[in-house]
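K.L.:
See query-v9.csv below, with CSV, C-alpha atoms.
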chain,number,residue,atom,x,y,z
S,827,MET,CA,-10.3,57.4,-51.9
S,828,SER,CA,-6.6,56.6,-52.0
S,829,ALA,CA,-6.3,56.9,-48.2
S,830,GLY,CA,-9.2,54.4,-47.8
S,831,ALA,CA,-7.4,52.0,-50.1
S,832,ALA,CA,-4.2,52.2,-48.1
S,833,VAL,CA,-6.0,51.5,-44.9
S,834,SER,CA,-7.8,48.4,-46.3
S,835,THR,CA,-4.5,47.1,-47.7
S,836,GLY,CA,-2.9,47.6,-44.3
S,837,ALA,CA,-5.7,45.7,-42.6
S,838,ALA,CA,-5.3,42.9,-45.1
S,839,GLU,CA,-1.6,42.7,-44.4
S,840,ILE,CA,-2.1,42.6,-40.6
S,841,GLY,CA,-4.7,39.9,-41.1
S,842,GLN,CA,-2.4,37.9,-43.2
S,843,SER,CA,0.6,38.0,-40.8
S,844,GLU,CA,-1.8,37.4,-37.9
S,845,ARG,CA,-3.1,34.3,-39.6
S,846,ARG,CA,0.4,33.1,-40.4
S,847,TRP,CA,1.4,33.4,-36.7
S,848,ARG,CA,-1.8,31.7,-35.6
S,849,ARG,CA,-1.0,28.8,-37.9
S,850,ARG,CA,2.6,28.7,-36.5
S,851,SER,CA,1.3,28.7,-33.0
S,852,LEU,CA,-1.1,25.8,-33.6
S,853,TRP,CA,1.7,23.8,-35.2
S,854,ALA,CA,4.0,24.7,-32.2
S,855,LEU,CA,1.3,23.2,-29.9
S,856,LEU,CA,1.8,19.9,-31.5
S,857,ILE,CA,5.4,19.9,-30.3
S,858,LEU,CA,5.0,21.8,-27.1
S,859,LEU,CA,2.2,19.9,-25.5
S,860,PRO,CA,3.9,16.5,-25.7
S,861,ALA,CA,7.2,18.1,-24.7
S,862,THR,CA,5.5,19.6,-21.6
S,863,LEU,CA,4.0,16.2,-20.7
S,864,ALA,CA,7.3,14.5,-21.2
S,865,LEU,CA,9.2,17.1,-19.1
S,866,GLY,CA,6.6,17.0,-16.3
S,867,SER,CA,6.4,13.2,-16.0
S,868,TYR,CA,10.2,12.7,-16.3
S,869,THR,CA,10.9,12.9,-12.6
S,870,PRO,CA,7.9,10.9,-11.4
S,871,VAL,CA,8.7,8.1,-13.9
S,872,LYS,CA,12.3,8.2,-12.8
S,873,TRP,CA,11.2,7.8,-9.2
S,874,LEU,CA,8.8,5.0,-10.1
S,875,PHE,CA,11.5,3.1,-11.9
S,876,ALA,CA,13.9,3.6,-9.0
S,877,ALA,CA,11.4,2.3,-6.5
S,878,LYS,CA,9.8,-0.7,-8.1
S,879,ASP,CA,10.9,-4.1,-9.3
S,880,LEU,CA,9.3,-3.9,-12.7
S,881,PHE,CA,11.2,-6.0,-15.2
S,882,PRO,CA,12.4,-9.5,-14.3
S,883,ARG,CA,15.7,-11.0,-15.5
S,884,ASP,CA,15.4,-14.8,-15.3
S,885,VAL,CA,18.2,-16.7,-13.7
S,886,GLU,CA,18.6,-20.4,-14.6
S,887,PRO,CA,18.7,-22.8,-11.7
S,888,GLY,CA,22.2,-23.2,-10.2
S,889,SER,CA,23.8,-20.3,-12.1
S,890,THR,CA,25.5,-17.3,-10.6
S,891,VAL,CA,24.6,-13.8,-11.7
S,892,ARG,CA,26.3,-10.4,-11.1
S,893,PHE,CA,23.7,-8.1,-9.6
S,894,GLY,CA,24.4,-4.9,-7.6
S,895,GLY,CA,28.1,-5.4,-8.1
S,896,SER,CA,28.3,-8.8,-6.5
S,897,ASP,CA,27.8,-12.4,-7.6
S,898,TRP,CA,24.5,-14.0,-6.4
S,899,LYS,CA,23.7,-17.6,-6.3
S,900,LEU,CA,20.6,-19.2,-5.0
S,901,GLU,CA,21.8,-22.1,-2.9
S,902,ALA,CA,18.6,-23.6,-1.6
S,903,MET,CA,14.9,-23.1,-0.9
S,904,LEU,CA,13.9,-25.2,2.2
S,905,THR,CA,11.1,-25.7,4.6
S,906,THR,CA,11.0,-27.0,8.1
S,907,LYS,CA,8.6,-28.8,10.4
S,908,ASP,CA,10.2,-27.1,13.5
S,909,THR,CA,9.0,-23.5,13.9
S,910,GLY,CA,9.9,-23.5,17.6
S,911,SER,CA,7.5,-21.5,19.7
S,912,VAL,CA,5.8,-20.0,16.7
S,913,LYS,CA,2.5,-21.6,15.8
S,914,LEU,CA,1.6,-21.1,12.2
S,915,PRO,CA,-1.9,-21.2,10.7
S,916,GLU,CA,-2.9,-24.7,9.5
S,917,ASN,CA,-2.4,-24.0,5.8
S,918,ALA,CA,0.8,-22.0,6.2
S,919,VAL,CA,4.3,-23.3,5.4
S,920,PRO,CA,7.6,-21.8,6.4
S,921,VAL,CA,10.1,-21.4,3.6
S,922,PHE,CA,13.8,-20.4,3.9
S,923,VAL,CA,15.6,-19.0,0.9
S,924,ASP,CA,19.4,-19.2,1.0
S,925,PHE,CA,21.8,-17.2,-1.2
S,926,SER,CA,25.6,-17.2,-1.2
S,927,VAL,CA,27.0,-13.9,-2.4
S,928,THR,CA,30.5,-13.2,-3.4
S,929,ILE,CA,31.2,-9.5,-2.9
S,930,GLY,CA,32.5,-7.7,-6.0
S,931,ASP,CA,32.1,-4.0,-5.4
S,932,PRO,CA,32.2,-3.6,-1.6
S,933,ASP,CA,30.1,-0.3,-1.5
S,934,LEU,CA,27.0,-2.2,-0.4
S,935,GLN,CA,25.4,0.7,1.2
S,936,LYS,CA,25.2,2.4,-2.1
S,937,LEU,CA,24.5,-0.6,-4.3
S,938,TRP,CA,22.2,-2.8,-2.1
S,939,THR,CA,20.0,-0.3,-0.3
S,940,GLY,CA,16.3,-1.2,-0.5
S,941,CYS,CA,17.2,-4.8,-0.9
S,942,ARG,CA,14.0,-6.7,-1.4
S,943,ILE,CA,13.8,-10.5,-1.5
S,944,THR,CA,10.3,-11.9,-2.2
S,945,LEU,CA,8.7,-15.2,-3.1
S,946,ALA,CA,6.3,-14.9,-6.1
S,947,ASP,CA,4.0,-17.6,-7.3
S,948,ALA,CA,2.5,-18.3,-10.7
S,949,ALA,CA,-0.8,-16.6,-9.8
S,950,GLY,CA,1.0,-13.3,-9.4
S,951,ARG,CA,1.0,-13.3,-5.6
S,952,SER,CA,4.1,-12.3,-3.7
S,953,TRP,CA,5.3,-12.6,-0.1
S,954,LEU,CA,7.8,-10.5,1.8
S,955,PRO,CA,10.0,-12.0,4.5
S,956,THR,CA,8.0,-12.8,7.6
S,957,SER,CA,8.3,-10.9,10.8
S,958,LEU,CA,7.6,-14.1,12.8
S,959,PRO,CA,10.7,-15.3,14.7
S,960,ILE,CA,10.9,-18.6,12.9
S,961,LEU,CA,14.5,-17.9,11.9
S,962,ARG,CA,17.1,-18.7,14.6
S,963,TYR,CA,19.8,-16.1,15.0
S,964,SER,CA,23.1,-17.4,13.7
S,965,ASP,CA,26.5,-16.0,13.0
S,966,ASP,CA,26.6,-17.8,9.7
S,967,TRP,CA,23.6,-16.3,8.2
S,968,SER,CA,22.3,-12.8,7.9
S,969,ASP,CA,19.4,-11.2,6.1
S,970,CYS,CA,19.8,-9.0,3.1
S,971,ASN,CA,19.4,-5.7,4.9
S,972,SER,CA,21.8,-6.5,7.7
S,973,ALA,CA,24.3,-7.8,5.1
S,974,THR,CA,24.1,-4.4,3.4
S,975,PHE,CA,25.5,-2.8,6.5
S,976,SER,CA,27.9,-5.6,7.4
S,977,GLY,CA,31.0,-3.8,5.8
S,978,ALA,CA,31.9,-7.0,3.9
S,979,ALA,CA,35.1,-6.6,1.9
S,980,ALA,CA,35.5,-7.5,-1.8
S,981,GLY,CA,36.0,-11.2,-2.4
S,982,ALA,CA,34.2,-12.2,0.8
S,983,THR,CA,31.3,-14.6,0.6
S,984,LEU,CA,28.2,-13.8,2.5
S,985,LYS,CA,25.4,-16.3,3.3
S,986,ILE,CA,22.1,-14.6,3.1
S,987,ARG,CA,18.9,-16.3,4.4
S,988,GLU,CA,15.4,-14.9,4.4
S,989,ALA,CA,12.4,-16.6,6.0
S,990,PHE,CA,8.9,-16.6,4.6
S,991,VAL,CA,5.5,-17.9,5.5
S,992,VAL,CA,3.4,-18.9,2.5
S,993,PRO,CA,0.1,-20.8,2.0
S,994,LYS,CA,0.5,-24.5,1.1
S,995,ASP,CA,-1.1,-24.0,-2.4
S,996,ALA,CA,1.6,-21.6,-3.4
S,997,ILE,CA,4.5,-24.0,-2.7
S,998,PRO,CA,4.5,-25.8,-6.2
S,999,THR,CA,5.1,-22.5,-8.1
S,1000,ILE,CA,6.9,-20.1,-5.8
S,1001,GLU,CA,10.2,-18.6,-7.0
S,1002,PRO,CA,12.5,-16.2,-5.2
S,1003,THR,CA,13.1,-12.7,-6.6
S,1004,LEU,CA,15.7,-10.2,-5.7
S,1005,GLY,CA,15.6,-6.4,-6.1
S,1006,LEU,CA,18.4,-4.0,-5.2
S,1007,GLY,CA,18.2,-0.2,-5.2
S,1008,SER,CA,21.0,0.2,-7.7
S,1009,GLU,CA,19.5,-2.2,-10.3
S,1010,ARG,CA,15.9,-1.1,-10.3
S,1011,PRO,CA,13.6,-1.3,-12.3
S,1012,TYR,CA,15.3,-4.6,-13.1
S,1013,TYR,CA,15.1,-7.5,-10.7
S,1014,LEU,CA,16.2,-11.1,-10.7
S,1015,ARG,CA,13.8,-14.0,-10.8
S,1016,PHE,CA,15.4,-17.3,-9.9
S,1017,LEU,CA,13.7,-20.0,-12.0
S,1018,ARG,CA,13.1,-23.4,-10.4
S,1019,ALA,CA,14.5,-26.6,-11.9
S,1020,ARG,CA,11.8,-28.3,-14.0
S,1021,ASP,CA,11.5,-31.9,-12.9
X,1295,MET,CA,-19.1,46.3,-37.1
X,1296,ILE,CA,-21.3,46.7,-34.1
X,1297,GLY,CA,-22.7,43.2,-34.7
X,1298,HIS,CA,-19.2,41.9,-34.7
X,1299,ARG,CA,-18.3,43.5,-31.5
X,1300,LEU,CA,-21.5,42.3,-29.9
X,1301,ALA,CA,-20.7,38.7,-31.0
X,1302,ASN,CA,-17.3,39.0,-29.4
X,1303,LEU,CA,-18.8,40.2,-26.2
X,1304,ALA,CA,-21.3,37.4,-26.2
X,1305,ILE,CA,-18.5,34.8,-26.7
X,1306,LEU,CA,-16.5,36.4,-23.9
X,1307,GLY,CA,-19.5,36.3,-21.6
X,1308,LEU,CA,-20.2,32.7,-22.5
X,1309,ALA,CA,-16.6,31.7,-21.9
X,1310,ALA,CA,-16.7,33.4,-18.5
X,1311,ALA,CA,-19.9,31.7,-17.6
X,1312,ILE,CA,-18.5,28.3,-18.7
X,1313,CYS,CA,-15.3,28.9,-16.7
X,1314,TYR,CA,-17.3,29.9,-13.6
X,1315,GLY,CA,-19.5,26.9,-14.0
X,1316,MET,CA,-16.6,24.5,-14.3
X,1317,GLN,CA,-14.9,26.2,-11.3
X,1318,THR,CA,-17.9,25.7,-9.0
X,1319,SER,CA,-19.0,22.3,-10.3
X,1320,LYS,CA,-15.6,20.5,-10.6
X,1321,PRO,CA,-14.6,18.2,-7.8
X,1322,HIS,CA,-12.0,19.5,-5.5
X,1323,TYR,CA,-8.4,18.1,-5.9
X,1324,ALA,CA,-8.7,16.4,-2.5
X,1325,ASP,CA,-11.9,14.6,-3.7
X,1326,LEU,CA,-10.3,13.6,-7.0
X,1327,THR,CA,-7.3,12.0,-5.2
X,1328,GLY,CA,-9.3,11.0,-2.1
X,1329,PRO,CA,-10.2,7.5,-0.9
X,1330,ILE,CA,-12.0,5.3,-3.3
X,1331,PRO,CA,-14.7,3.6,-1.3
X,1332,VAL,CA,-15.4,-0.1,-1.4
X,1333,ARG,CA,-18.6,-0.7,0.5
X,1334,GLY,CA,-20.0,-3.7,2.4
X,1335,GLY,CA,-21.8,-4.8,5.5
X,1336,MET,CA,-20.8,-6.8,8.5
X,1337,GLY,CA,-19.9,-10.4,7.6
X,1338,ASP,CA,-19.2,-9.4,3.9
X,1339,ASP,CA,-15.7,-10.0,2.4
X,1340,VAL,CA,-14.9,-6.4,1.3
X,1341,LYS,CA,-12.1,-6.3,-1.3
X,1342,ALA,CA,-9.9,-3.2,-1.2
X,1343,ARG,CA,-7.0,-2.9,-3.7
X,1344,LEU,CA,-4.4,-4.4,-1.5
X,1345,PHE,CA,-6.3,-6.2,1.2
X,1346,GLN,CA,-9.5,-8.0,2.0
X,1347,LEU,CA,-11.5,-7.5,5.2
X,1348,ARG,CA,-14.4,-9.0,6.9
X,1349,VAL,CA,-16.0,-7.6,10.1
X,1350,ASP,CA,-17.0,-10.6,12.2
X,1351,LYS,CA,-18.3,-8.9,15.4
X,1352,VAL,CA,-18.4,-5.7,17.3
X,1353,GLU,CA,-18.4,-5.8,21.1
X,1354,PHE,CA,-18.8,-3.0,23.6
X,1355,ALA,CA,-17.3,-2.6,27.1
X,1356,LYS,CA,-17.1,0.0,29.9
X,1357,ILE,CA,-13.6,-1.0,30.9
X,1358,LEU,CA,-10.6,-2.5,29.1
X,1359,ALA,CA,-8.3,-4.8,31.0
X,1360,VAL,CA,-4.8,-5.1,29.5
X,1361,SER,CA,-1.4,-6.3,30.8
X,1362,GLU,CA,1.5,-4.2,29.6
X,1363,PHE,CA,5.1,-5.1,30.5
X,1364,GLY,CA,3.7,-7.7,32.9
X,1365,LYS,CA,1.5,-5.2,34.8
X,1366,ASP,CA,-2.2,-5.4,34.8
X,1367,ARG,CA,-4.0,-2.1,33.9
X,1368,THR,CA,-7.6,-1.1,33.4
X,1369,LEU,CA,-8.7,1.6,31.1
X,1370,THR,CA,-11.9,3.5,31.7
X,1371,THR,CA,-13.5,5.9,29.2
X,1372,GLY,CA,-16.0,8.8,29.2
X,1373,GLY,CA,-17.8,7.1,26.3
X,1374,ILE,CA,-17.8,3.4,25.6
X,1375,TRP,CA,-15.2,1.0,24.3
X,1376,ALA,CA,-16.0,-0.6,20.9
X,1377,ILE,CA,-13.9,-3.6,19.9
X,1378,VAL,CA,-14.2,-4.7,16.3
X,1379,THR,CA,-13.0,-8.2,15.4
X,1380,VAL,CA,-12.0,-8.6,11.8
X,1381,GLU,CA,-10.5,-11.1,9.5
X,1382,LEU,CA,-7.8,-9.7,7.1
X,1383,ALA,CA,-5.9,-11.0,4.2
X,1384,ALA,CA,-3.7,-9.4,1.5
X,1385,THR,CA,-4.9,-9.7,-2.1
X,1386,ASN,CA,-1.7,-10.0,-4.1
X,1387,SER,CA,1.3,-9.1,-2.0
X,1388,THR,CA,2.3,-8.7,1.6
X,1389,THR,CA,0.8,-5.5,2.9
X,1390,THR,CA,0.2,-3.5,6.1
X,1391,VAL,CA,-3.2,-2.4,7.3
X,1392,SER,CA,-2.8,0.2,9.9
X,1393,GLU,CA,-5.7,2.7,9.8
X,1394,ALA,CA,-9.2,2.4,11.0
X,1395,THR,CA,-11.8,5.0,11.8
X,1396,TRP,CA,-15.2,4.6,13.5
X,1397,GLN,CA,-17.5,7.1,11.7
X,1398,GLY,CA,-20.6,7.9,13.6
X,1399,PRO,CA,-24.0,8.7,12.1
X,1400,THR,CA,-23.3,12.4,12.4
X,1401,GLY,CA,-20.1,12.1,10.3
X,1402,LEU,CA,-17.8,12.4,13.3
X,1403,GLY,CA,-14.8,10.2,12.9
X,1404,TYR,CA,-13.1,8.4,15.8
X,1405,ARG,CA,-9.6,7.0,15.1
X,1406,GLU,CA,-8.4,3.8,16.8
X,1407,THR,CA,-7.3,4.4,20.3
X,1408,GLU,CA,-3.7,5.0,21.0
X,1409,ARG,CA,-4.0,4.2,24.7
X,1410,LEU,CA,-3.0,0.6,24.2
X,1411,ALA,CA,0.7,0.3,23.5
X,1412,MET,CA,1.9,-3.2,24.0
X,1413,VAL,CA,-1.1,-5.3,23.3
X,1414,SER,CA,-1.0,-8.0,20.6
X,1415,GLY,CA,-3.5,-8.4,17.9
X,1416,LEU,CA,-3.8,-4.6,17.3
X,1417,PRO,CA,-2.9,-2.6,14.2
X,1418,PRO,CA,-0.6,-2.2,12.3
X,1419,PHE,CA,-1.4,-5.7,10.8
X,1420,THR,CA,1.0,-7.2,8.4
X,1421,VAL,CA,-1.1,-9.5,6.2
X,1422,GLU,CA,0.0,-12.0,3.5
X,1423,PRO,CA,-1.9,-13.3,0.5
X,1424,GLY,CA,-3.6,-16.6,1.1
X,1425,LEU,CA,-3.1,-16.4,4.9
X,1426,PRO,CA,-6.1,-14.7,6.4
X,1427,ALA,CA,-5.4,-13.5,10.0
X,1428,ARG,CA,-7.6,-12.1,12.7
X,1429,GLY,CA,-7.2,-8.8,14.5
X,1430,ARG,CA,-9.0,-6.2,16.5
X,1431,PHE,CA,-9.6,-2.5,16.2
X,1432,VAL,CA,-10.4,-0.7,19.4
X,1433,PHE,CA,-12.3,2.6,19.5
X,1434,GLU,CA,-13.5,5.0,22.2
X,1435,VAL,CA,-16.8,6.4,21.1
X,1436,PRO,CA,-19.8,8.2,22.6
X,1437,PRO,CA,-22.9,6.0,22.9
X,1438,SER,CA,-24.8,8.3,20.6
X,1439,GLU,CA,-22.3,7.6,17.7
X,1440,ILE,CA,-23.0,3.9,17.6
X,1441,SER,CA,-26.3,3.4,15.8
X,1442,GLY,CA,-25.7,3.9,12.0
X,1443,ALA,CA,-21.9,3.9,12.3
X,1444,THR,CA,-19.5,3.0,9.5
X,1445,LEU,CA,-16.0,1.4,9.9
X,1446,LEU,CA,-13.4,2.9,7.5
X,1447,VAL,CA,-10.3,0.8,7.0
X,1448,SER,CA,-7.2,1.7,4.8
X,1449,ASN,CA,-3.6,0.7,4.5
X,1450,GLU,CA,-2.4,4.1,5.7
X,1451,ARG,CA,-3.8,7.2,7.3
X,1452,ALA,CA,-2.8,9.5,4.4
X,1453,PHE,CA,-3.0,8.2,0.9
X,1454,ALA,CA,-4.1,9.1,-2.6
X,1455,LEU,CA,-5.9,7.2,-5.3
X,1456,ASP,CA,-6.3,4.1,-3.2
X,1457,SER,CA,-9.2,2.2,-1.9
X,1458,GLN,CA,-10.8,2.4,1.6
X,1459,ALA,CA,-13.1,-0.3,2.9
X,1460,ARG,CA,-16.3,1.2,4.3
X,1461,ILE,CA,-18.2,-1.3,6.3
X,1462,THR,CA,-21.7,-0.3,7.4
X,1463,LEU,CA,-22.0,-1.7,10.9
X,1464,ASP,CA,-25.5,-3.0,10.3
X,1465,GLY,CA,-25.4,-6.1,12.4
X,1466,LEU,CA,-25.2,-4.4,15.8
X,1467,ARG,CA,-27.8,-5.3,18.4
X,1468,LEU,CA,-29.1,-2.0,19.8
X,1469,LYS,CA,-31.8,-0.8,22.2
X,1470,PRO,CA,-34.5,1.5,20.9
X,1471,ASP,CA,-32.5,4.5,22.0
X,1472,GLY,CA,-29.6,3.4,19.8
X,1473,THR,CA,-27.2,2.3,22.5
X,1474,PRO,CA,-25.9,-1.3,22.5
X,1475,GLU,CA,-27.9,-4.0,24.1
X,1476,MET,CA,-24.8,-5.7,25.5
X,1477,VAL,CA,-22.1,-3.7,27.2
X,1478,ALA,CA,-19.6,-5.8,29.1
X,1479,ASP,CA,-18.3,-4.4,32.3
X,1480,ILE,CA,-14.8,-5.5,31.6
X,1481,TYR,CA,-13.2,-6.6,28.3
X,1482,ASP,CA,-10.0,-8.5,28.7
X,1483,MET,CA,-7.6,-7.7,25.8
X,1484,ASP,CA,-5.4,-10.6,26.8
X,1485,GLU,CA,-8.0,-13.2,25.8
X,1486,PRO,CA,-7.2,-14.7,22.5
X,1487,ILE,CA,-9.1,-13.3,19.5
X,1488,GLN,CA,-12.1,-15.5,18.9
Show this structure as structure tokens.

P.N.:
Amino acid sequence: MSAGAAVSTGAAEIGQSERRWRRRSLWALLILLPATLALGSYTPVKWLFAAKDLFPRDVEPGSTVRFGGSDWKLEAMLTTKDTGSVKLPENAVPVFVDFSVTIGDPDLQKLWTGCRITLADAAGRSWLPTSLPILRYSDDWSDCNSATFSGAAAGATLKIREAFVVPKDAIPTIEPTLGLGSERPYYLRFLRARD
Amino acid sequence: MIGHRLANLAILGLAAAICYGMQTSKPHYADLTGPIPVRGGMGDDVKARLFQLRVDKVEFAKILAVSEFGKDRTLTTGGIWAIVTVELAATNSTTTVSEATWQGPTGLGYRETERLAMVSGLPPFTVEPGLPARGRFVFEVPPSEISGATLLVSNERAFALDSQARITLDGLRLKPDGTPEMVADIYDMDEPIQ
């Protein structure tokens, strides 16, 4: 009789401690599952942020902004009627975007890699620089990626020009944007003067 | 006690059956991350995620004439040349469309030819929003793979979780035996894209 009682007490004790651990484990899941998710997605999210221009910083017209260690100023956004030998589609317009950049930190290969200048319109469309040869080669101007490898020294001023081809209907709202590898996910959006 | 044990066994068996069922019925990882088809026919504007495509015409030829580096060259084939003329545009941002496959009725896929190196108007196409452009995809296919074929077009060859335009080539003029009615003797690749 007494032996039987001892066994049943033992079973009850095991059951109780088991139940306690089961409860602890379930509570632990509440912390561990989100922690696993966070840990697993940390690297992909970091890559995503390093690769994409996600959050704009607005730049007022005519102002100079430090970005990627240098001072950027949007000088002009121009178009031309003369595209040389290149024949554009009827509704297409060439647009040149000119920056002057005063170099601060001269390690451009580290700070400027993945330089991406685009034109974005109010409808959310965006254009990359064109591959059509509408831009004459010139010693005065370079594009952003060749400027990155130009070896420019601190204090030098670079003139950067990119050429785009956009449809006519985008012209009223297009704004230049600038993304640099060292500044992502932030990028600059150069606002246009309101007339 | 025995009832308890039996119930446990039943639960175990049920769990095993569910697991097995899920294992055999679940889509493969490659299918889950594979191309997301956007279907259409010839002449339709088919909207993929990053680009929009319309197949305007499909022409067939026995020989392709090209000029490369100033030299004229003709290319023959054991099958038939299929030249697909398309209009392409980007949806929201500048993008590159580089991959097209001619999928025959038996499911065999024929990738664009790589025998044309320096010919303009061939992929990869850089397309911009609001500026539709025309281009050509050139394939080398057996005559038996023409009737009931589908054109598959995507930005890149290998991709995950992105769309692929699948255009049923339903507007082809074919003979009763499934081969094309019109096969040009020579197709000149230097002619401007019409």

K.L.:
Go through X:Gln1458, X:Phe1345, X:Thr1395, X:Met1316 and flag the residue nearest X:Thr1420, using all atoms listed in the file for the distances.

P.N.:
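Once distances to X:Thr1420 are computed over all atoms listed in the file, the minimum belongs to X:Phe1345.
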
K.L.:
If we count only C-alpha atoms, which residues of chain S reach to within 10 Å of chain X? Please list them as an MDAnalysis selection string.

P.N.:
chainID S and resid 914:918 944:946 949:957 991:996

K.L.:
Generate a file of the selected residues that holds C-alpha atoms, formatted as a tab-separated table (two decimals), in the coordinates of the input.

P.N.:
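Output saved as out36.tsv:
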chain	number	residue	atom	x	y	z
S	914	LEU	CA	1.60	-21.10	12.20
S	915	PRO	CA	-1.90	-21.20	10.70
S	916	GLU	CA	-2.90	-24.70	9.50
S	917	ASN	CA	-2.40	-24.00	5.80
S	918	ALA	CA	0.80	-22.00	6.20
S	944	THR	CA	10.30	-11.90	-2.20
S	945	LEU	CA	8.70	-15.20	-3.10
S	946	ALA	CA	6.30	-14.90	-6.10
S	949	ALA	CA	-0.80	-16.60	-9.80
S	950	GLY	CA	1.00	-13.30	-9.40
S	951	ARG	CA	1.00	-13.30	-5.60
S	952	SER	CA	4.10	-12.30	-3.70
S	953	TRP	CA	5.30	-12.60	-0.10
S	954	LEU	CA	7.80	-10.50	1.80
S	955	PRO	CA	10.00	-12.00	4.50
S	956	THR	CA	8.00	-12.80	7.60
S	957	SER	CA	8.30	-10.90	10.80
S	991	VAL	CA	5.50	-17.90	5.50
S	992	VAL	CA	3.40	-18.90	2.50
S	993	PRO	CA	0.10	-20.80	2.00
S	994	LYS	CA	0.50	-24.50	1.10
S	995	ASP	CA	-1.10	-24.00	-2.40
S	996	ALA	CA	1.60	-21.60	-3.40

K.L.:
Using all atoms listed in the file, can you tell me which of X:Glu1485, X:Asp1350, X:Asp1325, X:Glu1434 comes closest to X:Glu1381?

P.N.:
X:Asp1350

K.L.:
Using only C-alpha atoms, can you tell me which of X:Ala1309, X:Ile1461, X:Ala1304, X:Phe1431 comes closest to X:Arg1348?

P.N.:
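Looking at the shortest contact to X:Arg1348, the residue is X:Ile1461.
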
K.L.:
What is the atom CA of X:Thr1444 to atom CA of X:Glu1353 distance in Å?

P.N.:
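If I compute the distance from atom CA of X:Thr1444 to atom CA of X:Glu1353, I get 14.6 Å.
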